[in-house]
$ cat structure.pdb   # PDB, C-alpha atoms
MODEL        1
ATOM      1  CA  MET A   1     -15.893 177.532-145.157  1.00  0.00           C
ATOM      2  CA  LYS A   2     -16.487 179.682-142.042  1.00  0.00           C
ATOM      3  CA  THR A   3     -19.962 180.459-143.343  1.00  0.00           C
ATOM      4  CA  GLN A   4     -20.709 176.734-143.656  1.00  0.00           C
ATOM      5  CA  TYR A   5     -19.549 176.056-140.074  1.00  0.00           C
ATOM      6  CA  LEU A   6     -21.619 178.988-138.807  1.00  0.00           C
ATOM      7  CA  PHE A   7     -24.693 177.694-140.624  1.00  0.00           C
ATOM      8  CA  LEU A   8     -24.148 174.188-139.211  1.00  0.00           C
ATOM      9  CA  PHE A   9     -23.729 175.604-135.681  1.00  0.00           C
ATOM     10  CA  LEU A  10     -26.936 177.620-135.938  1.00  0.00           C
ATOM     11  CA  LEU A  11     -28.805 174.612-137.328  1.00  0.00           C
ATOM     12  CA  ILE A  12     -27.718 172.429-134.384  1.00  0.00           C
ATOM     13  CA  PHE A  13     -28.497 175.223-131.895  1.00  0.00           C
ATOM     14  CA  PHE A  14     -32.052 175.753-133.140  1.00  0.00           C
ATOM     15  CA  TYR A  15     -32.663 172.010-133.385  1.00  0.00           C
ATOM     16  CA  SER A  16     -31.584 171.604-129.750  1.00  0.00           C
ATOM     17  CA  CYS A  17     -33.831 174.464-128.610  1.00  0.00           C
ATOM     18  CA  ASN A  18     -36.840 173.078-130.446  1.00  0.00           C
ATOM     19  CA  ASN A  19     -36.327 169.620-128.925  1.00  0.00           C
ATOM     20  CA  GLU A  20     -35.703 170.759-125.378  1.00  0.00           C
ATOM     21  CA  HIS A  21     -38.069 169.038-122.989  1.00  0.00           C
ATOM     22  CA  LYS A  22     -40.264 171.138-120.723  1.00  0.00           C
ATOM     23  CA  ASN A  23     -40.233 170.583-116.953  1.00  0.00           C
ATOM     24  CA  MET A  24     -43.795 169.215-116.840  1.00  0.00           C
ATOM     25  CA  THR A  25     -45.082 166.242-118.814  1.00  0.00           C
ATOM     26  CA  VAL A  26     -48.744 165.252-118.810  1.00  0.00           C
ATOM     27  CA  ASN A  27     -49.556 161.731-119.999  1.00  0.00           C
ATOM     28  CA  VAL A  28     -53.276 161.297-120.678  1.00  0.00           C
ATOM     29  CA  VAL A  29     -55.281 158.143-121.321  1.00  0.00           C
ATOM     30  CA  VAL A  30     -58.893 158.637-122.434  1.00  0.00           C
ATOM     31  CA  ASN A  31     -60.629 155.260-122.541  1.00  0.00           C
ATOM     32  CA  GLY A  32     -63.054 154.947-125.435  1.00  0.00           C
ATOM     33  CA  VAL A  33     -61.113 157.304-127.727  1.00  0.00           C
ATOM     34  CA  ASP A  34     -59.515 155.926-130.934  1.00  0.00           C
ATOM     35  CA  GLU A  35     -58.576 159.231-132.483  1.00  0.00           C
ATOM     36  CA  GLY A  36     -58.747 162.945-131.750  1.00  0.00           C
ATOM     37  CA  LYS A  37     -56.823 165.832-130.306  1.00  0.00           C
ATOM     38  CA  ILE A  38     -56.449 167.050-126.747  1.00  0.00           C
ATOM     39  CA  TYR A  39     -55.517 170.544-125.574  1.00  0.00           C
ATOM     40  CA  LEU A  40     -53.615 171.653-122.467  1.00  0.00           C
ATOM     41  CA  GLN A  41     -54.794 175.035-121.190  1.00  0.00           C
ATOM     42  CA  LYS A  42     -54.277 177.432-118.296  1.00  0.00           C
ATOM     43  CA  VAL A  43     -55.511 180.852-117.209  1.00  0.00           C
ATOM     44  CA  ASN A  44     -53.283 183.796-118.055  1.00  0.00           C
ATOM     45  CA  ASP A  45     -54.482 187.307-117.178  1.00  0.00           C
ATOM     46  CA  LYS A  46     -58.067 186.025-116.761  1.00  0.00           C
ATOM     47  CA  THR A  47     -57.956 184.427-120.226  1.00  0.00           C
ATOM     48  CA  LEU A  48     -57.923 180.677-120.884  1.00  0.00           C
ATOM     49  CA  ILE A  49     -55.023 180.007-123.256  1.00  0.00           C
ATOM     50  CA  LYS A  50     -53.778 176.856-125.000  1.00  0.00           C
ATOM     51  CA  VAL A  51     -50.192 175.946-124.116  1.00  0.00           C
ATOM     52  CA  ASP A  52     -49.913 172.585-125.909  1.00  0.00           C
ATOM     53  CA  SER A  53     -51.885 170.053-127.928  1.00  0.00           C
ATOM     54  CA  SER A  54     -51.468 166.398-128.818  1.00  0.00           C
ATOM     55  CA  GLN A  55     -52.808 163.779-131.203  1.00  0.00           C
ATOM     56  CA  LEU A  56     -53.450 160.274-129.895  1.00  0.00           C
ATOM     57  CA  SER A  57     -50.283 158.140-130.095  1.00  0.00           C
ATOM     58  CA  ASN A  58     -49.994 154.541-128.861  1.00  0.00           C
ATOM     59  CA  GLY A  59     -53.213 154.962-126.881  1.00  0.00           C
ATOM     60  CA  LYS A  60     -52.005 158.098-125.067  1.00  0.00           C
ATOM     61  CA  PHE A  61     -51.829 161.843-125.386  1.00  0.00           C
ATOM     62  CA  PHE A  62     -48.485 163.460-124.511  1.00  0.00           C
ATOM     63  CA  LEU A  63     -48.418 167.119-123.449  1.00  0.00           C
ATOM     64  CA  GLU A  64     -45.736 169.415-122.061  1.00  0.00           C
ATOM     65  CA  ASP A  65     -45.317 172.861-120.558  1.00  0.00           C
ATOM     66  CA  GLU A  66     -42.775 174.898-118.625  1.00  0.00           C
ATOM     67  CA  ILE A  67     -44.274 175.478-115.187  1.00  0.00           C
ATOM     68  CA  GLU A  68     -42.796 177.705-112.481  1.00  0.00           C
ATOM     69  CA  GLN A  69     -45.014 176.599-109.598  1.00  0.00           C
ATOM     70  CA  PRO A  70     -48.091 174.466-108.952  1.00  0.00           C
ATOM     71  CA  GLU A  71     -51.233 175.878-110.546  1.00  0.00           C
ATOM     72  CA  ILE A  72     -54.530 174.849-112.071  1.00  0.00           C
ATOM     73  CA  TYR A  73     -54.499 173.540-115.650  1.00  0.00           C
ATOM     74  CA  PHE A  74     -57.295 172.296-117.887  1.00  0.00           C
ATOM     75  CA  LEU A  75     -57.695 169.603-120.532  1.00  0.00           C
ATOM     76  CA  SER A  76     -60.213 169.820-123.348  1.00  0.00           C
ATOM     77  CA  LEU A  77     -60.874 167.082-125.870  1.00  0.00           C
ATOM     78  CA  SER A  78     -61.952 167.618-129.468  1.00  0.00           C
ATOM     79  CA  GLY A  79     -65.527 166.515-130.056  1.00  0.00           C
ATOM     80  CA  THR A  80     -66.698 167.279-126.506  1.00  0.00           C
ATOM     81  CA  ASP A  81     -67.384 170.468-124.569  1.00  0.00           C
ATOM     82  CA  LYS A  82     -66.361 168.950-121.228  1.00  0.00           C
ATOM     83  CA  ILE A  83     -63.343 170.252-119.312  1.00  0.00           C
ATOM     84  CA  LEU A  84     -60.986 168.325-117.040  1.00  0.00           C
ATOM     85  CA  GLN A  85     -59.457 170.475-114.305  1.00  0.00           C
ATOM     86  CA  PHE A  86     -56.345 169.482-112.349  1.00  0.00           C
ATOM     87  CA  PHE A  87     -53.628 170.943-110.140  1.00  0.00           C
ATOM     88  CA  ALA A  88     -50.404 170.719-112.133  1.00  0.00           C
ATOM     89  CA  ASP A  89     -46.824 170.592-110.897  1.00  0.00           C
ATOM     90  CA  LYS A  90     -43.291 169.967-112.181  1.00  0.00           C
ATOM     91  CA  GLY A  91     -42.441 166.416-113.240  1.00  0.00           C
ATOM     92  CA  ASN A  92     -44.630 163.690-114.684  1.00  0.00           C
ATOM     93  CA  ILE A  93     -48.390 163.763-114.255  1.00  0.00           C
ATOM     94  CA  ASP A  94     -50.485 160.777-115.305  1.00  0.00           C
ATOM     95  CA  ILE A  95     -54.187 161.211-115.997  1.00  0.00           C
ATOM     96  CA  GLU A  96     -56.705 158.516-116.854  1.00  0.00           C
ATOM     97  CA  THR A  97     -60.333 159.239-117.714  1.00  0.00           C
ATOM     98  CA  SER A  98     -62.895 158.132-120.292  1.00  0.00           C
ATOM     99  CA  LEU A  99     -64.745 159.659-123.208  1.00  0.00           C
ATOM    100  CA  LYS A 100     -68.099 158.988-121.555  1.00  0.00           C
ATOM    101  CA  SER A 101     -67.206 160.691-118.283  1.00  0.00           C
ATOM    102  CA  PHE A 102     -64.425 163.037-119.373  1.00  0.00           C
ATOM    103  CA  GLY A 103     -63.447 165.214-116.426  1.00  0.00           C
ATOM    104  CA  GLU A 104     -65.527 163.271-113.905  1.00  0.00           C
ATOM    105  CA  LYS A 105     -63.508 161.418-111.246  1.00  0.00           C
ATOM    106  CA  PRO A 106     -60.302 161.082-113.288  1.00  0.00           C
ATOM    107  CA  LYS A 107     -57.339 159.150-111.892  1.00  0.00           C
ATOM    108  CA  ILE A 108     -54.494 161.636-111.479  1.00  0.00           C
ATOM    109  CA  THR A 109     -51.046 161.018-109.982  1.00  0.00           C
ATOM    110  CA  GLY A 110     -47.894 163.108-109.756  1.00  0.00           C
ATOM    111  CA  SER A 111     -49.060 166.203-107.867  1.00  0.00           C
ATOM    112  CA  LYS A 112     -49.471 166.561-104.101  1.00  0.00           C
ATOM    113  CA  ASN A 113     -51.679 169.633-104.577  1.00  0.00           C
ATOM    114  CA  GLN A 114     -53.940 167.604-106.869  1.00  0.00           C
ATOM    115  CA  GLU A 115     -54.180 164.830-104.282  1.00  0.00           C
ATOM    116  CA  LEU A 116     -55.286 167.338-101.638  1.00  0.00           C
ATOM    117  CA  PHE A 117     -57.603 169.118-104.061  1.00  0.00           C
ATOM    118  CA  LEU A 118     -59.285 165.830-105.010  1.00  0.00           C
ATOM    119  CA  ASN A 119     -59.876 164.979-101.337  1.00  0.00           C
ATOM    120  CA  TYR A 120     -61.435 168.401-100.877  1.00  0.00           C
ATOM    121  CA  THR A 121     -63.693 168.270-103.945  1.00  0.00           C
ATOM    122  CA  ASN A 122     -64.897 164.776-103.029  1.00  0.00           C
ATOM    123  CA  LYS A 123     -65.931 165.991 -99.577  1.00  0.00           C
ATOM    124  CA  ILE A 124     -67.658 169.076-100.980  1.00  0.00           C
ATOM    125  CA  LYS A 125     -69.511 166.870-103.472  1.00  0.00           C
ATOM    126  CA  HIS A 126     -70.848 164.945-100.479  1.00  0.00           C
ATOM    127  CA  TYR A 127     -72.319 168.163 -99.045  1.00  0.00           C
ATOM    128  CA  ASN A 128     -73.760 169.175-102.427  1.00  0.00           C
ATOM    129  CA  ASP A 129     -75.345 165.749-102.860  1.00  0.00           C
ATOM    130  CA  LEU A 130     -76.825 166.044 -99.371  1.00  0.00           C
ATOM    131  CA  LYS A 131     -78.426 169.375-100.303  1.00  0.00           C
ATOM    132  CA  LEU A 132     -79.937 167.823-103.424  1.00  0.00           C
ATOM    133  CA  GLU A 133     -81.279 164.949-101.350  1.00  0.00           C
ATOM    134  CA  LEU A 134     -82.844 167.345 -98.842  1.00  0.00           C
ATOM    135  CA  SER A 135     -84.426 169.405-101.626  1.00  0.00           C
ATOM    136  CA  ALA A 136     -85.848 166.268-103.236  1.00  0.00           C
ATOM    137  CA  LYS A 137     -87.586 165.413 -99.932  1.00  0.00           C
ATOM    138  CA  LYS A 138     -89.005 168.896 -99.366  1.00  0.00           C
ATOM    139  CA  ASN A 139     -92.507 167.494 -98.851  1.00  0.00           C
ATOM    140  CA  PHE A 140     -91.303 165.757 -95.675  1.00  0.00           C
ATOM    141  CA  TYR A 141     -90.608 169.093 -93.985  1.00  0.00           C
ATOM    142  CA  LYS A 142     -93.083 171.333 -92.241  1.00  0.00           C
ATOM    143  CA  GLY A 143     -92.952 174.320 -94.537  1.00  0.00           C
ATOM    144  CA  LYS A 144     -90.317 176.104 -96.582  1.00  0.00           C
ATOM    145  CA  LYS A 145     -88.528 177.597 -93.556  1.00  0.00           C
ATOM    146  CA  GLN A 146     -87.671 174.210 -92.090  1.00  0.00           C
ATOM    147  CA  LEU A 147     -86.135 173.078 -95.387  1.00  0.00           C
ATOM    148  CA  GLU A 148     -84.154 176.325 -95.680  1.00  0.00           C
ATOM    149  CA  HIS A 149     -82.899 175.799 -92.128  1.00  0.00           C
ATOM    150  CA  MET A 150     -81.641 172.308 -93.003  1.00  0.00           C
ATOM    151  CA  LEU A 151     -79.964 173.549 -96.184  1.00  0.00           C
ATOM    152  CA  ASN A 152     -78.273 176.363 -94.269  1.00  0.00           C
ATOM    153  CA  LEU A 153     -76.912 173.859 -91.765  1.00  0.00           C
ATOM    154  CA  VAL A 154     -75.328 171.877 -94.592  1.00  0.00           C
ATOM    155  CA  ASP A 155     -73.870 175.083 -96.072  1.00  0.00           C
ATOM    156  CA  LYS A 156     -72.341 175.997 -92.704  1.00  0.00           C
ATOM    157  CA  LYS A 157     -70.782 172.546 -92.364  1.00  0.00           C
ATOM    158  CA  ALA A 158     -69.328 172.822 -95.893  1.00  0.00           C
ATOM    159  CA  ILE A 159     -67.878 176.258 -95.130  1.00  0.00           C
ATOM    160  CA  LYS A 160     -66.399 175.054 -91.834  1.00  0.00           C
ATOM    161  CA  TYR A 161     -64.843 172.041 -93.561  1.00  0.00           C
ATOM    162  CA  THR A 162     -63.392 174.311 -96.261  1.00  0.00           C
ATOM    163  CA  TYR A 163     -62.023 176.777 -93.702  1.00  0.00           C
ATOM    164  CA  ASP A 164     -60.381 173.967 -91.725  1.00  0.00           C
ATOM    165  CA  PHE A 165     -59.034 172.501 -94.977  1.00  0.00           C
ATOM    166  CA  VAL A 166     -57.236 175.684 -96.060  1.00  0.00           C
ATOM    167  CA  LEU A 167     -55.719 176.171 -92.589  1.00  0.00           C
ATOM    168  CA  ASN A 168     -54.626 172.535 -92.293  1.00  0.00           C
ATOM    169  CA  ASN A 169     -53.018 172.637 -95.757  1.00  0.00           C
ATOM    170  CA  LYS A 170     -51.453 176.098 -95.575  1.00  0.00           C
ATOM    171  CA  ASP A 171     -48.102 174.754 -96.800  1.00  0.00           C
ATOM    172  CA  PHE A 172     -49.567 174.015-100.233  1.00  0.00           C
ATOM    173  CA  GLU A 173     -50.752 176.242-103.081  1.00  0.00           C
ATOM    174  CA  VAL A 174     -54.169 174.570-102.956  1.00  0.00           C
ATOM    175  CA  SER A 175     -54.877 176.522 -99.745  1.00  0.00           C
ATOM    176  CA  PRO A 176     -55.028 180.069-101.212  1.00  0.00           C
ATOM    177  CA  TYR A 177     -56.649 178.696-104.381  1.00  0.00           C
ATOM    178  CA  VAL A 178     -59.568 177.138-102.493  1.00  0.00           C
ATOM    179  CA  THR A 179     -59.880 180.298-100.380  1.00  0.00           C
ATOM    180  CA  LEU A 180     -60.156 182.438-103.518  1.00  0.00           C
ATOM    181  CA  THR A 181     -62.671 180.176-105.249  1.00  0.00           C
ATOM    182  CA  THR A 182     -64.831 179.125-102.288  1.00  0.00           C
ATOM    183  CA  LEU A 183     -64.315 181.309 -99.209  1.00  0.00           C
ATOM    184  CA  TYR A 184     -64.184 184.723-100.902  1.00  0.00           C
ATOM    185  CA  LYS A 185     -67.488 185.747 -99.257  1.00  0.00           C
ATOM    186  CA  LEU A 186     -66.128 185.340 -95.723  1.00  0.00           C
ATOM    187  CA  ASN A 187     -65.614 188.424 -93.574  1.00  0.00           C
ATOM    188  CA  THR A 188     -62.235 190.162 -93.674  1.00  0.00           C
ATOM    189  CA  LYS A 189     -61.261 188.815 -90.257  1.00  0.00           C
ATOM    190  CA  ALA A 190     -61.605 185.201 -91.441  1.00  0.00           C
ATOM    191  CA  LEU A 191     -59.828 185.942 -94.731  1.00  0.00           C
ATOM    192  CA  ASP A 192     -57.050 187.681 -92.820  1.00  0.00           C
ATOM    193  CA  SER A 193     -56.652 184.614 -90.603  1.00  0.00           C
ATOM    194  CA  VAL A 194     -56.062 182.459 -93.663  1.00  0.00           C
ATOM    195  CA  LEU A 195     -53.651 184.986 -95.121  1.00  0.00           C
ATOM    196  CA  GLN A 196     -51.680 185.310 -91.887  1.00  0.00           C
ATOM    197  CA  SER A 197     -51.354 181.518 -91.622  1.00  0.00           C
ATOM    198  CA  LEU A 198     -49.669 181.107 -95.015  1.00  0.00           C
ATOM    199  CA  PRO A 199     -45.881 180.640 -95.034  1.00  0.00           C
ATOM    200  CA  GLU A 200     -43.785 183.036 -97.133  1.00  0.00           C
ATOM    201  CA  ASN A 201     -43.329 180.704-100.122  1.00  0.00           C
ATOM    202  CA  ILE A 202     -47.101 180.187-100.426  1.00  0.00           C
ATOM    203  CA  LEU A 203     -47.776 183.900 -99.985  1.00  0.00           C
ATOM    204  CA  ASN A 204     -45.410 184.523-102.908  1.00  0.00           C
ATOM    205  CA  SER A 205     -47.085 181.909-105.087  1.00  0.00           C
ATOM    206  CA  LYS A 206     -49.532 182.792-107.876  1.00  0.00           C
ATOM    207  CA  TYR A 207     -52.628 182.183-105.754  1.00  0.00           C
ATOM    208  CA  GLY A 208     -51.036 183.578-102.601  1.00  0.00           C
ATOM    209  CA  LYS A 209     -50.458 186.900-104.358  1.00  0.00           C
ATOM    210  CA  LYS A 210     -53.978 186.878-105.773  1.00  0.00           C
ATOM    211  CA  LEU A 211     -55.417 186.236-102.313  1.00  0.00           C
ATOM    212  CA  SER A 212     -53.350 189.064-100.806  1.00  0.00           C
ATOM    213  CA  SER A 213     -54.597 191.453-103.497  1.00  0.00           C
ATOM    214  CA  TYR A 214     -58.199 190.326-103.034  1.00  0.00           C
ATOM    215  CA  VAL A 215     -58.131 190.774 -99.247  1.00  0.00           C
ATOM    216  CA  ALA A 216     -56.572 194.232 -99.687  1.00  0.00           C
ATOM    217  CA  GLU A 217     -59.372 195.220-102.101  1.00  0.00           C
ATOM    218  CA  VAL A 218     -62.071 193.947 -99.715  1.00  0.00           C
ATOM    219  CA  LYS A 219     -60.560 195.957 -96.852  1.00  0.00           C
ATOM    220  CA  LYS A 220     -60.426 199.046 -99.033  1.00  0.00           C
ATOM    221  CA  GLU A 221     -64.090 198.699 -99.970  1.00  0.00           C
ATOM    222  CA  LYS A 222     -65.057 198.317 -96.299  1.00  0.00           C
ATOM    223  CA  LYS A 223     -63.530 201.687 -95.382  1.00  0.00           C
TER     224      LYS A 223
ENDMDL
END
$ encode --input "structure.pdb" --output "C-alpha cells"
Amino acid sequence: MKTQYLFLFLLIFFYSCNNEHKNMTVNVVVNGVDEGKIYLQKVNDKTLIKVDSSQLSNGKFFLEDEIEQPEIYFLSLSGTDKILQFFADKGNIDIETSLKSFGEKPKITGSKNQELFLNYTNKIKHYNDLKLELSAKKNFYKGKKQLEHMLNLVDKKAIKYTYDFVLNNKDFEVSPYVTLTTLYKLNTKALDSVLQSLPENILNSKYGKKLSSYVAEVKKEKK
C-alpha cells in the first residue's frame, strides 16, 4: 500500500513539474501561414540554441522559456531561412508578422527594451537608406571624394545618434547591447563613458557584463 501511495505521489509530482508554466510566454501570429513549426532561439556561449518550438494552433504559435533578465531572442520558421530578432522579457510578448515579410517590421508588444530597440533600428534604417540613396546618385557628385565625404557625414550622424541613444537609455539592457553591436569600434574613452554611465543593475546584466569584459580587453590591447 505504501508503495502505491509513493508511486502516486511521484506521478503527481512529475506531472506538476512538466506542466509548470515558464515566466515568459511568446504568442506569435504569422499571417499567410496555415501550417508549420516555429522555433524560439537564443545565444548561449556564442552558440544559437533552440529553447522551444511550436506547431500552429488556432492561428497562433505558443512558445515559452524561463528568462532571468531581458535579452535578445530569435524566431525561425520552418520553410524559410529568415530570422526574426526581438528583445525578450518576463511576461507575455505578442508578435505579429507575415510569411512574406517574416522578420521585417513585426508588431511586437510586451517588452520595454524591444520598444526602445525598435525605435533605434528604425532610425538607423533611415541613415542606411540615405546612404543607399546617395550612392545611387553618385553621378551627381564631382568625383569619388565628394561622395565619400557625404557618406562619411551620414555615418557620423548615425554614430552620434547611437551614442546619444545608449546614454539616454542607460537604465535599460538595450543600452549595453547596442554599444556592443554598433559602437564597439569607438575609442576607449567613449566606451568608458558609456560604461561609467550604466547603473549597477544594468552593469550586472548579461550585456553589461559583456561590455565590461570587452572594454577591459580593448584597454589591455592598447597597453
$ closest_residue --input "structure.pdb" --among "A:Thr182, A:Gln85, A:Asn92, A:Asn27" --to "Asn58 of chain A" --atoms "only C-alpha atoms"
A:Asn27
$ resolve_selection --input "structure.pdb" --expression "the PyMOL selection byres ((chain A and resi 91) around 8)" --output "list in words"
Asn23, Met24, Thr25, Asp89, Lys90, Asn92, Ile93 and Gly110 of chain A
$ atom_distance --input "structure.pdb" --atom1 "atom CA of Gly103 of chain A" --atom2 "atom CA of Lys22 of chain A"
24.3 Å
$ atom_distance --input "structure.pdb" --atom1 "atom CA of Ser212 of chain A" --atom2 "atom CA of Gln41 of chain A"
24.8 Å
$ resolve_selection --input "structure.pdb" --expression "the PyMOL selection byres ((chain A and resi 158-163) around 9)" --output "ChimeraX atom specification"
/A:120,123-124,127-128,153-157,164-168,178-179,182-183,190,194
$ residues_around --input "structure.pdb" --residues "segment 104-106 of chain A" --least-positions-apart "2" --cutoff "12 Å" --atoms "all atoms listed in the file" --output "short mmCIF file (atom, residue, chain, number, x, y, z; two decimals) with C-alpha atoms, in the coordinates of the input"
data_model
loop_
_atom_site.label_atom_id
_atom_site.label_comp_id
_atom_site.auth_asym_id
_atom_site.auth_seq_id
_atom_site.Cartn_x
_atom_site.Cartn_y
_atom_site.Cartn_z
CA VAL A 28 -53.28 161.30 -120.68
CA VAL A 29 -55.28 158.14 -121.32
CA VAL A 30 -58.89 158.64 -122.43
CA ASN A 31 -60.63 155.26 -122.54
CA LEU A 75 -57.70 169.60 -120.53
CA LYS A 82 -66.36 168.95 -121.23
CA ILE A 83 -63.34 170.25 -119.31
CA LEU A 84 -60.99 168.32 -117.04
CA GLN A 85 -59.46 170.48 -114.30
CA PHE A 86 -56.34 169.48 -112.35
CA ASP A 94 -50.48 160.78 -115.30
CA ILE A 95 -54.19 161.21 -116.00
CA GLU A 96 -56.70 158.52 -116.85
CA THR A 97 -60.33 159.24 -117.71
CA SER A 98 -62.90 158.13 -120.29
CA LEU A 99 -64.74 159.66 -123.21
CA LYS A 100 -68.10 158.99 -121.56
CA SER A 101 -67.21 160.69 -118.28
CA PHE A 102 -64.42 163.04 -119.37
CA ILE A 108 -54.49 161.64 -111.48
CA THR A 109 -51.05 161.02 -109.98
CA GLN A 114 -53.94 167.60 -106.87
CA GLU A 115 -54.18 164.83 -104.28
CA LEU A 118 -59.28 165.83 -105.01
CA ASN A 119 -59.88 164.98 -101.34
CA THR A 121 -63.69 168.27 -103.94
CA ASN A 122 -64.90 164.78 -103.03
CA LYS A 125 -69.51 166.87 -103.47
#
$ axis_aligned_box --input "structure.pdb" --around "segment 42-57 of chain A" --padding-each-side "6 Å" --output "JSON"
{"center_x": -54.0, "center_y": 172.7, "center_z": -124.0, "size_x": 20.2, "size_y": 41.2, "size_z": 26.4}
$ resolve_selection --input "structure.pdb" --expression "the PyMOL selection byres ((chain A and resi 70) around 7)" --output "VMD selection string"
chain A and resid 69 71 87 to 89 173
$ closest_residue --input "structure.pdb" --among "A:Glu133, A:Asp171, A:Glu148, A:Glu35" --to "Leu77 of chain A" --atoms "all atoms listed in the file"
A:Glu35
$ closest_residue --input "structure.pdb" --among "A:Tyr177, A:Tyr73, A:Lys185, A:Leu191" --to "Ile49 of chain A" --atoms "all atoms listed in the file"
A:Tyr73
$ atom_distance --input "structure.pdb" --atom1 "atom CA of Ile38 of chain A" --atom2 "atom CA of Leu180 of chain A"
28.1 Å
$ closest_residue --input "structure.pdb" --among "A:Leu132, A:Leu116, A:Ile67, A:Leu151" --to "Ser175 of chain A" --atoms "all atoms listed in the file"
A:Leu116
$ build_atoms --input "structure.pdb" --residues "segment 144-162 of chain A" --atoms "N, CA and C atoms" --output "PDB file, in the frame of the given file"
ATOM      1  N   LYS A 144     -91.524 175.682 -95.874  1.00  0.00           N
ATOM      2  CA  LYS A 144     -90.317 176.104 -96.582  1.00  0.00           C
ATOM      3  C   LYS A 144     -89.202 176.502 -95.622  1.00  0.00           C
ATOM      4  N   LYS A 145     -89.543 177.112 -94.496  1.00  0.00           N
ATOM      5  CA  LYS A 145     -88.528 177.597 -93.556  1.00  0.00           C
ATOM      6  C   LYS A 145     -87.715 176.463 -92.953  1.00  0.00           C
ATOM      7  N   GLN A 146     -88.388 175.344 -92.680  1.00  0.00           N
ATOM      8  CA  GLN A 146     -87.671 174.210 -92.090  1.00  0.00           C
ATOM      9  C   GLN A 146     -86.656 173.638 -93.088  1.00  0.00           C
ATOM     10  N   LEU A 147     -87.045 173.562 -94.355  1.00  0.00           N
ATOM     11  CA  LEU A 147     -86.135 173.078 -95.387  1.00  0.00           C
ATOM     12  C   LEU A 147     -84.940 174.022 -95.533  1.00  0.00           C
ATOM     13  N   GLU A 148     -85.226 175.336 -95.566  1.00  0.00           N
ATOM     14  CA  GLU A 148     -84.154 176.325 -95.680  1.00  0.00           C
ATOM     15  C   GLU A 148     -83.187 176.227 -94.505  1.00  0.00           C
ATOM     16  N   HIS A 149     -83.721 175.957 -93.324  1.00  0.00           N
ATOM     17  CA  HIS A 149     -82.899 175.799 -92.128  1.00  0.00           C
ATOM     18  C   HIS A 149     -81.946 174.603 -92.284  1.00  0.00           C
ATOM     19  N   MET A 150     -82.458 173.504 -92.800  1.00  0.00           N
ATOM     20  CA  MET A 150     -81.641 172.308 -93.003  1.00  0.00           C
ATOM     21  C   MET A 150     -80.564 172.553 -94.061  1.00  0.00           C
ATOM     22  N   LEU A 151     -80.932 173.242 -95.128  1.00  0.00           N
ATOM     23  CA  LEU A 151     -79.964 173.549 -96.184  1.00  0.00           C
ATOM     24  C   LEU A 151     -78.874 174.491 -95.676  1.00  0.00           C
ATOM     25  N   ASN A 152     -79.256 175.442 -94.844  1.00  0.00           N
ATOM     26  CA  ASN A 152     -78.273 176.363 -94.269  1.00  0.00           C
ATOM     27  C   ASN A 152     -77.289 175.644 -93.353  1.00  0.00           C
ATOM     28  N   LEU A 153     -77.786 174.645 -92.634  1.00  0.00           N
ATOM     29  CA  LEU A 153     -76.912 173.859 -91.765  1.00  0.00           C
ATOM     30  C   LEU A 153     -75.847 173.122 -92.581  1.00  0.00           C
ATOM     31  N   VAL A 154     -76.278 172.578 -93.709  1.00  0.00           N
ATOM     32  CA  VAL A 154     -75.328 171.877 -94.592  1.00  0.00           C
ATOM     33  C   VAL A 154     -74.305 172.860 -95.149  1.00  0.00           C
ATOM     34  N   ASP A 155     -74.776 174.049 -95.551  1.00  0.00           N
ATOM     35  CA  ASP A 155     -73.870 175.083 -96.072  1.00  0.00           C
ATOM     36  C   ASP A 155     -72.825 175.473 -95.029  1.00  0.00           C
ATOM     37  N   LYS A 156     -73.260 175.621 -93.781  1.00  0.00           N
ATOM     38  CA  LYS A 156     -72.341 175.997 -92.704  1.00  0.00           C
ATOM     39  C   LYS A 156     -71.296 174.913 -92.465  1.00  0.00           C
ATOM     40  N   LYS A 157     -71.721 173.651 -92.541  1.00  0.00           N
ATOM     41  CA  LYS A 157     -70.782 172.546 -92.364  1.00  0.00           C
ATOM     42  C   LYS A 157     -69.763 172.521 -93.499  1.00  0.00           C
ATOM     43  N   ALA A 158     -70.224 172.801 -94.735  1.00  0.00           N
ATOM     44  CA  ALA A 158     -69.328 172.822 -95.893  1.00  0.00           C
ATOM     45  C   ALA A 158     -68.308 173.952 -95.773  1.00  0.00           C
ATOM     46  N   ILE A 159     -68.775 175.114 -95.303  1.00  0.00           N
ATOM     47  CA  ILE A 159     -67.878 176.258 -95.130  1.00  0.00           C
ATOM     48  C   ILE A 159     -66.859 175.990 -94.031  1.00  0.00           C
ATOM     49  N   LYS A 160     -67.312 175.381 -92.934  1.00  0.00           N
ATOM     50  CA  LYS A 160     -66.399 175.054 -91.834  1.00  0.00           C
ATOM     51  C   LYS A 160     -65.344 174.046 -92.288  1.00  0.00           C
ATOM     52  N   TYR A 161     -65.794 173.030 -93.050  1.00  0.00           N
ATOM     53  CA  TYR A 161     -64.843 172.041 -93.561  1.00  0.00           C
ATOM     54  C   TYR A 161     -63.811 172.719 -94.469  1.00  0.00           C
ATOM     55  N   THR A 162     -64.283 173.606 -95.337  1.00  0.00           N
ATOM     56  CA  THR A 162     -63.392 174.311 -96.261  1.00  0.00           C
ATOM     57  C   THR A 162     -62.402 175.187 -95.499  1.00  0.00           C
TER      58      THR A 162
END
